[in-house]
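Data file: upload.cif. Format and content: mmCIF, C-alpha atoms.
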data_protein
loop_
_atom_site.label_atom_id
_atom_site.label_comp_id
_atom_site.auth_asym_id
_atom_site.auth_seq_id
_atom_site.Cartn_x
_atom_site.Cartn_y
_atom_site.Cartn_z
CA MET A 285 215.30 86.79 46.90
CA THR A 286 213.12 89.74 45.90
CA THR A 287 214.42 93.26 46.44
CA TRP A 288 211.88 96.05 46.20
CA CYS A 289 213.14 99.62 45.89
CA ALA A 290 211.22 102.88 45.83
CA THR A 291 211.69 106.05 43.81
CA THR A 292 209.65 109.18 43.22
CA ILE A 293 211.03 109.61 39.70
CA LEU A 294 211.25 106.88 37.07
CA SER A 295 214.17 107.09 34.68
CA ALA A 296 213.33 107.16 30.96
CA ASP A 297 214.26 103.47 30.65
CA GLN A 298 212.32 102.49 33.77
CA ARG A 299 209.24 104.33 32.53
CA LEU A 300 209.31 102.45 29.21
CA GLU A 301 209.89 99.13 30.99
CA VAL A 302 206.93 99.74 33.31
CA LEU A 303 204.65 100.64 30.40
CA ASP A 304 205.81 97.50 28.58
CA LEU A 305 205.06 95.51 31.74
CA PHE A 306 201.53 96.95 31.80
CA ASN A 307 200.94 95.91 28.19
CA ARG A 308 202.31 92.40 28.66
CA THR A 309 200.32 91.89 31.85
CA GLU A 310 197.11 93.01 30.17
CA ASN A 311 197.69 90.60 27.31
CA GLU A 312 198.24 87.74 29.76
CA LEU A 313 195.27 88.52 32.02
CA GLY A 314 192.79 89.84 29.48
CA ARG A 315 192.01 92.84 31.71
CA GLU A 316 193.60 96.07 32.87
CA ALA A 317 196.95 95.63 34.60
CA ILE A 318 196.51 98.61 36.88
CA ASP A 319 194.01 101.39 37.54
CA GLU A 320 193.71 103.86 34.69
CA GLY A 321 194.68 106.77 36.92
CA ARG A 322 197.88 105.02 38.00
CA ARG A 323 198.72 104.18 34.40
CA ARG A 324 198.26 107.87 33.62
CA THR A 325 200.71 108.71 36.43
CA VAL A 326 203.39 106.70 34.64
CA VAL A 327 202.50 107.96 31.16
CA HIS A 328 202.45 111.63 32.17
CA ARG A 329 205.16 111.43 34.86
CA GLY A 330 202.75 112.42 37.60
CA PRO A 331 203.53 112.40 41.34
CA GLY A 332 203.72 109.07 43.13
CA GLU A 333 205.98 106.61 44.90
CA HIS A 334 207.09 103.97 42.40
CA TRP A 335 208.03 100.55 43.79
CA LEU A 336 210.20 98.41 41.52
CA ASP A 337 211.29 94.79 41.69
CA VAL A 338 214.40 94.78 39.51
CA HIS A 339 216.03 91.52 38.37
CA ASP A 340 219.18 91.43 36.20
CA GLY A 341 218.80 95.13 35.57
CA ARG A 342 215.20 94.86 34.31
CA VAL A 343 211.92 95.81 35.98
CA ARG A 344 210.18 92.53 36.79
CA ARG A 345 207.30 93.83 38.91
CA TYR A 346 205.87 97.26 39.65
CA ALA A 347 203.55 98.91 42.17
CA LEU A 348 202.45 102.52 42.64
CA LEU A 349 201.79 104.17 45.98
CA ASN A 350 199.65 107.31 45.91
CA SER A 351 199.75 109.82 48.74
CA GLY A 352 196.90 109.98 51.22
CA ASP A 353 196.00 109.09 54.77
CA PRO A 354 196.55 106.24 54.50
CA ALA A 355 198.46 105.99 51.24
CA THR A 356 196.95 103.74 48.56
CA LEU A 357 198.92 101.00 46.80
CA GLU A 358 198.29 98.85 43.74
CA LEU A 359 200.49 96.13 42.30
CA CYS A 360 200.58 95.65 38.54
CA GLY A 361 198.37 92.66 37.82
CA GLY A 362 196.58 92.78 41.17
CA GLY A 363 197.17 90.71 44.28
CA THR A 364 199.66 91.39 47.04
CA ASP A 365 203.27 90.56 47.92
CA ASP A 366 204.49 89.99 51.46
CA GLU A 367 207.95 91.51 50.92
CA LEU A 368 206.52 94.59 49.24
CA LEU A 369 203.99 94.99 52.04
CA ALA A 370 206.74 94.82 54.68
CA ALA A 371 208.84 97.39 52.81
CA VAL A 372 205.92 99.81 52.39
CA LEU A 373 204.81 99.49 56.02
CA ALA A 374 208.38 100.14 57.17
CA ARG A 375 208.12 103.53 55.49
CA HIS A 376 204.49 104.48 56.01
CA GLY A 377 203.14 102.44 58.94
CA ARG A 378 199.76 101.96 57.27
CA VAL A 379 198.60 101.38 53.71
CA ASP A 380 195.40 100.68 51.79
CA TRP A 381 196.05 98.08 49.09
CA TRP A 382 193.80 97.48 46.07
CA THR A 383 193.47 93.77 45.27
CA ARG A 384 191.53 91.88 42.62
CA ASP A 385 189.76 88.55 42.28
CA ASN A 386 189.26 86.34 45.36
CA PHE A 387 192.12 87.48 47.58
CA GLU A 388 191.62 86.73 51.26
CA ALA A 389 192.89 89.58 53.43
CA VAL A 390 195.09 87.81 55.98
CA GLY A 391 196.03 90.39 58.59
CA GLY A 392 194.24 93.15 56.73
CA THR A 393 190.77 94.69 56.87
CA VAL A 394 188.60 95.24 53.80
CA VAL A 395 187.53 98.91 53.86
CA ARG A 396 185.96 99.21 50.42
CA THR A 397 184.76 96.98 47.59
CA LEU A 398 184.32 97.98 43.95
CA GLN A 399 182.18 95.83 41.69
CA LEU A 400 182.82 95.49 37.97
CA LEU A 401 179.49 94.92 36.20
CA ARG A 402 178.94 93.83 32.60
CA ILE A 403 175.98 93.84 30.23
CA ASP A 404 175.41 92.44 26.75
CA LEU A 405 174.21 94.82 24.06
CA PRO A 406 171.73 95.83 22.82
CA VAL A 407 169.58 96.61 25.85
CA ARG A 408 165.97 96.65 24.68
CA LEU A 409 164.56 99.11 27.20
CA GLU A 410 163.10 102.55 26.63
CA HIS A 411 164.75 105.66 27.96
CA ARG A 412 162.66 108.78 28.13
CA VAL A 413 163.35 112.29 29.30
CA GLY A 414 161.02 115.24 29.73
CA GLU A 415 159.89 117.33 26.79
CA SER A 416 161.92 120.29 28.04
CA ASP A 417 165.11 118.23 28.44
CA GLY A 418 167.82 118.08 25.84
CA ILE A 419 170.55 115.46 25.55
CA ARG A 420 173.48 116.53 23.43
CA ALA A 421 177.18 115.87 23.00
CA PHE A 422 179.57 117.46 25.48
CA ASP A 423 181.51 120.42 24.07
CA PRO A 424 184.95 120.65 25.76
CA GLU A 425 185.18 124.39 25.14
CA ARG A 426 181.83 125.60 26.42
CA ASP A 427 180.78 122.82 28.80
CA ALA A 428 183.92 122.05 30.82
CA ASP A 429 183.25 124.36 33.77
CA ARG A 430 179.56 123.46 33.95
CA TRP A 431 180.30 119.75 33.78
CA LEU A 432 182.93 119.96 36.51
CA ALA A 433 180.45 121.74 38.78
CA GLN A 434 177.73 119.14 38.07
CA ASN A 435 180.04 116.13 38.42
CA ASN A 436 181.74 117.36 41.58
CA ALA A 437 178.37 118.07 43.19
CA ALA A 438 177.20 114.57 42.29
CA PHE A 439 180.35 112.97 43.74
CA ALA A 440 180.99 115.34 46.62
CA ASP A 441 181.95 112.47 48.95
CA HIS A 442 183.55 110.14 46.40
CA PRO A 443 187.30 109.45 46.84
CA GLU A 444 188.14 109.34 43.10
CA GLN A 445 185.47 111.23 41.19
CA GLY A 446 184.81 114.15 43.50
CA ALA A 447 186.75 117.44 43.39
CA TRP A 448 187.96 117.02 39.81
CA THR A 449 189.98 119.95 38.52
CA GLU A 450 190.05 121.43 35.04
CA GLN A 451 193.52 119.93 34.57
CA GLN A 452 192.26 116.43 35.40
CA LEU A 453 189.42 116.82 32.91
CA ARG A 454 191.73 118.16 30.19
CA GLU A 455 194.17 115.29 30.70
CA ARG A 456 191.41 112.81 29.98
CA ILE A 457 190.07 114.80 27.04
CA ASN A 458 193.56 114.71 25.54
CA GLU A 459 193.87 110.93 25.89
CA PRO A 460 193.92 108.99 22.58
CA TRP A 461 190.77 107.10 23.59
CA PHE A 462 188.65 110.22 24.15
CA ASP A 463 185.69 110.43 21.75
CA PRO A 464 183.39 113.46 22.17
CA SER A 465 180.61 111.57 20.37
CA GLY A 466 180.40 109.28 23.41
CA PHE A 467 180.10 112.00 26.07
CA PHE A 468 176.58 113.28 26.70
CA ILE A 469 175.01 115.92 28.89
CA LEU A 470 171.37 116.49 29.77
CA GLU A 471 170.07 120.00 30.37
CA ARG A 472 166.93 120.84 32.28
CA ASP A 473 165.72 124.36 32.95
CA ARG A 474 168.97 125.68 31.44
CA ARG A 475 171.01 123.75 34.00
CA LEU A 476 173.32 120.82 33.42
CA ALA A 477 171.39 118.16 35.31
CA ALA A 478 173.05 114.86 34.34
CA SER A 479 175.78 113.40 32.18
CA CYS A 480 177.05 110.12 30.81
CA TRP A 481 180.62 109.71 29.57
CA THR A 482 181.28 106.52 27.65
CA LYS A 483 184.46 104.90 26.46
CA VAL A 484 185.27 102.15 23.96
CA HIS A 485 188.32 100.00 24.71
CA GLU A 486 189.44 99.85 21.08
CA LEU A 487 192.76 98.09 21.74
CA HIS A 488 191.33 95.34 23.94
CA PRO A 489 191.03 91.97 22.15
CA ASP A 490 187.29 91.89 22.95
CA ARG A 491 186.69 95.59 22.09
CA PHE A 492 184.15 96.40 24.79
CA GLY A 493 182.47 99.61 25.94
CA GLU A 494 182.38 101.27 29.34
CA ILE A 495 180.13 103.70 31.17
CA TYR A 496 183.12 105.74 32.27
CA VAL A 497 181.35 108.40 34.36
CA ILE A 498 177.62 108.64 35.05
CA SER A 499 176.36 111.39 37.32
CA VAL A 500 173.23 113.31 38.26
CA HIS A 501 173.28 116.63 40.08
CA PRO A 502 171.79 116.26 43.59
CA ASP A 503 169.03 118.76 42.72
CA PHE A 504 167.73 116.40 40.02
CA ARG A 505 167.95 113.00 41.73
CA GLY A 506 164.91 110.74 41.91
CA LEU A 507 163.60 111.82 38.49
CA GLY A 508 164.88 108.88 36.44
CA LEU A 509 167.61 110.88 34.74
CA GLY A 510 170.37 108.43 35.73
CA ARG A 511 168.50 105.53 34.12
CA ALA A 512 167.83 107.57 30.98
CA MET A 513 171.47 108.61 30.66
CA VAL A 514 172.84 105.09 31.19
CA LEU A 515 170.53 103.71 28.51
CA HIS A 516 171.44 106.56 26.17
CA GLY A 517 175.13 105.81 26.73
CA LEU A 518 174.69 102.06 26.16
CA GLU A 519 172.85 102.70 22.91
CA ALA A 520 175.65 105.01 21.76
CA ILE A 521 178.19 102.28 22.53
CA ARG A 522 176.10 99.71 20.62
CA ARG A 523 175.97 101.97 17.55
CA LYS A 524 179.75 101.74 17.39
CA GLY A 525 179.52 98.00 16.82
CA VAL A 526 180.28 96.98 20.39
CA SER A 527 178.52 93.96 21.90
CA SER A 528 179.11 94.45 25.64
CA ALA A 529 179.75 97.20 28.16
CA THR A 530 181.03 97.50 31.72
CA LEU A 531 180.98 99.92 34.63
CA PHE A 532 182.33 100.12 38.17
CA VAL A 533 180.13 100.74 41.20
CA ASP A 534 180.81 100.80 44.92
CA GLU A 535 179.31 97.78 46.66
CA SER A 536 177.93 100.17 49.30
CA ASN A 537 175.98 102.21 46.69
CA LEU A 538 172.77 100.22 46.95
CA ALA A 539 170.66 102.60 44.87
CA ALA A 540 173.06 102.53 41.92
CA ARG A 541 173.44 98.75 42.15
CA ALA A 542 169.66 98.33 42.08
CA LEU A 543 169.44 100.53 38.98
CA TYR A 544 172.13 98.60 37.13
CA GLU A 545 170.60 95.25 38.09
CA SER A 546 167.23 96.41 36.75
CA LEU A 547 168.89 97.22 33.43
CA GLY A 548 170.47 93.77 33.17
CA PHE A 549 174.03 94.28 34.42
CA SER A 550 175.65 91.30 36.14
CA LEU A 551 178.63 91.01 38.46
CA GLU A 552 181.92 90.11 36.78
CA ARG A 553 184.57 90.93 39.39
CA GLU A 554 185.11 92.52 42.78
CA ASP A 555 188.13 94.64 43.70
CA ARG A 556 188.82 95.12 47.39
CA LEU A 557 190.67 97.86 49.21
CA VAL A 558 192.46 96.20 52.14
CA ARG A 559 194.00 98.17 55.00
CA PHE A 560 197.26 96.95 56.53
CA SER A 561 199.08 98.41 59.51
CA ALA A 562 202.60 97.85 60.78
CA PRO A 563 202.86 95.49 63.80
#
Written form, structure tokens:
Amino acid sequence: MTTWCATTILSADQRLEVLDLFNRTENELGREAIDEGRRRTVVHRGPGEHWLDVHDGRVRRYALLNSGDPATLELCGGGTDDELLAAVLARHGRVDWWTRDNFEAVGGTVVRTLQLLRIDLPVRLEHRVGESDGIRAFDPERDADRWLAQNNAAFADHPEQGAWTEQQLRERINEPWFDPSGFFILERDRRLAASCWTKVHELHPDRFGEIYVISVHPDFRGLGLGRAMVLHGLEAIRRKGVSSATLFVDESNLAARALYESLGFSLEREDRLVRFSAP
């Protein structure tokens, strides 16, 4: 019989066991065990409701519930668990649960779908910007405030990427994987108009790249800057000896999906956010 228990604070031993579980799960599945932001919650002891399945004194399974209305849950490795769902609904009454692969939502309603797209490198397409534009590397000291303003304007209605704070940006800049040579901004008329932040998954067996954040300020949409920045980012990833790259896009974002399809991206996986409510 499985017994799930919840805590808002992981002990030092539990934290190490959960991180070890993440690593083992990723090795088994060949993909991320849990959303990067939730992993960061465990690494940096951030706020959250930690659900643990403990067997013989060891953490066997783990899920993280983030606050919200409704709260959002993800189980390490993806999928769902009936006993965990019952325990969470007994506390919260309603929950949105991120699932991966081809899970059929029995008793739940899909409220959002994220698509993971992949492309082989190099991409032999031109990317041009205007003569007055300048693409350069992001400088954490002088560009942080400007980038936050540009990014938050671009994602004003986005549940994860909108309303970033300076602390959230600094946390990511301080991550071991951060490489300033893969973070680019485009300036037009002395304004920060667009940006492309790339990432290389150096520790993954396949060592692949990722378009981590791509954004265009609303004042500069429709000018081809998003396409130019994506291609610039993909070329930067290729120059690091990487042969493929990924990105996530909301299924509902038809304009972005059309852009990525035109560049040669193909669908690799869909993650669904499923809403469950207590009977």
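With distances restricted to all atoms listed in the file, A:Asn436 is the closest residue to Ser499 of chain A from A:Arg541, A:Asn436, A:Gln451, A:Thr397.
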query = the PyMOL selection byres ((chain A and resi 289) around 10) on the file shown: which residues, as a ChimeraX atom specification?
reply = /A:286-288,290-291,334-338,346,368,371-372
ask   = Which residues fall under the PyMOL selection byres ((chain A and resi 476-487) around 8) in this file, as a VMD selection string?
value = chain A and resid 430 to 431 434 461 to 463 466 to 472 474 to 475 488 to 489 491 to 501 503 to 504 509 to 510 513 to 514 517 521
Straight-line distance linking atom CA of Trp448 of chain A with atom CA of Arg553 of chain A, stated in Å to one decimal =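 These two atoms are separated by 26.3 Å.
With distances restricted to only C-alpha atoms, A:Ser465 is the closest residue to Ala421 of chain A from A:Ser465, A:Ser528, A:Asn350, A:Asn307.
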task = Quick one: apply the PyMOL selection byres ((chain A and resi 447) around 12) to the file and drop the selected residues here as an MDAnalysis selection string.
result = chainID A and resid 431:446 448:453
ask   = Rounded to one decimal in Å, what is the spacing between atom CA of Arg345 of chain A and atom CA of Asp380 of chain A?
value =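 Separation of atom CA of Arg345 of chain A and atom CA of Asp380 of chain A: 18.8 Å.
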Closest of A:His328, A:Glu316, A:Arg299, A:Leu515 to Arg456 of chain A - atom-to-atom distances counting all atoms listed in the file =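 Ranking A:His328, A:Glu316, A:Arg299, A:Leu515 by distance to Arg456 of chain A, first place goes to A:His328.
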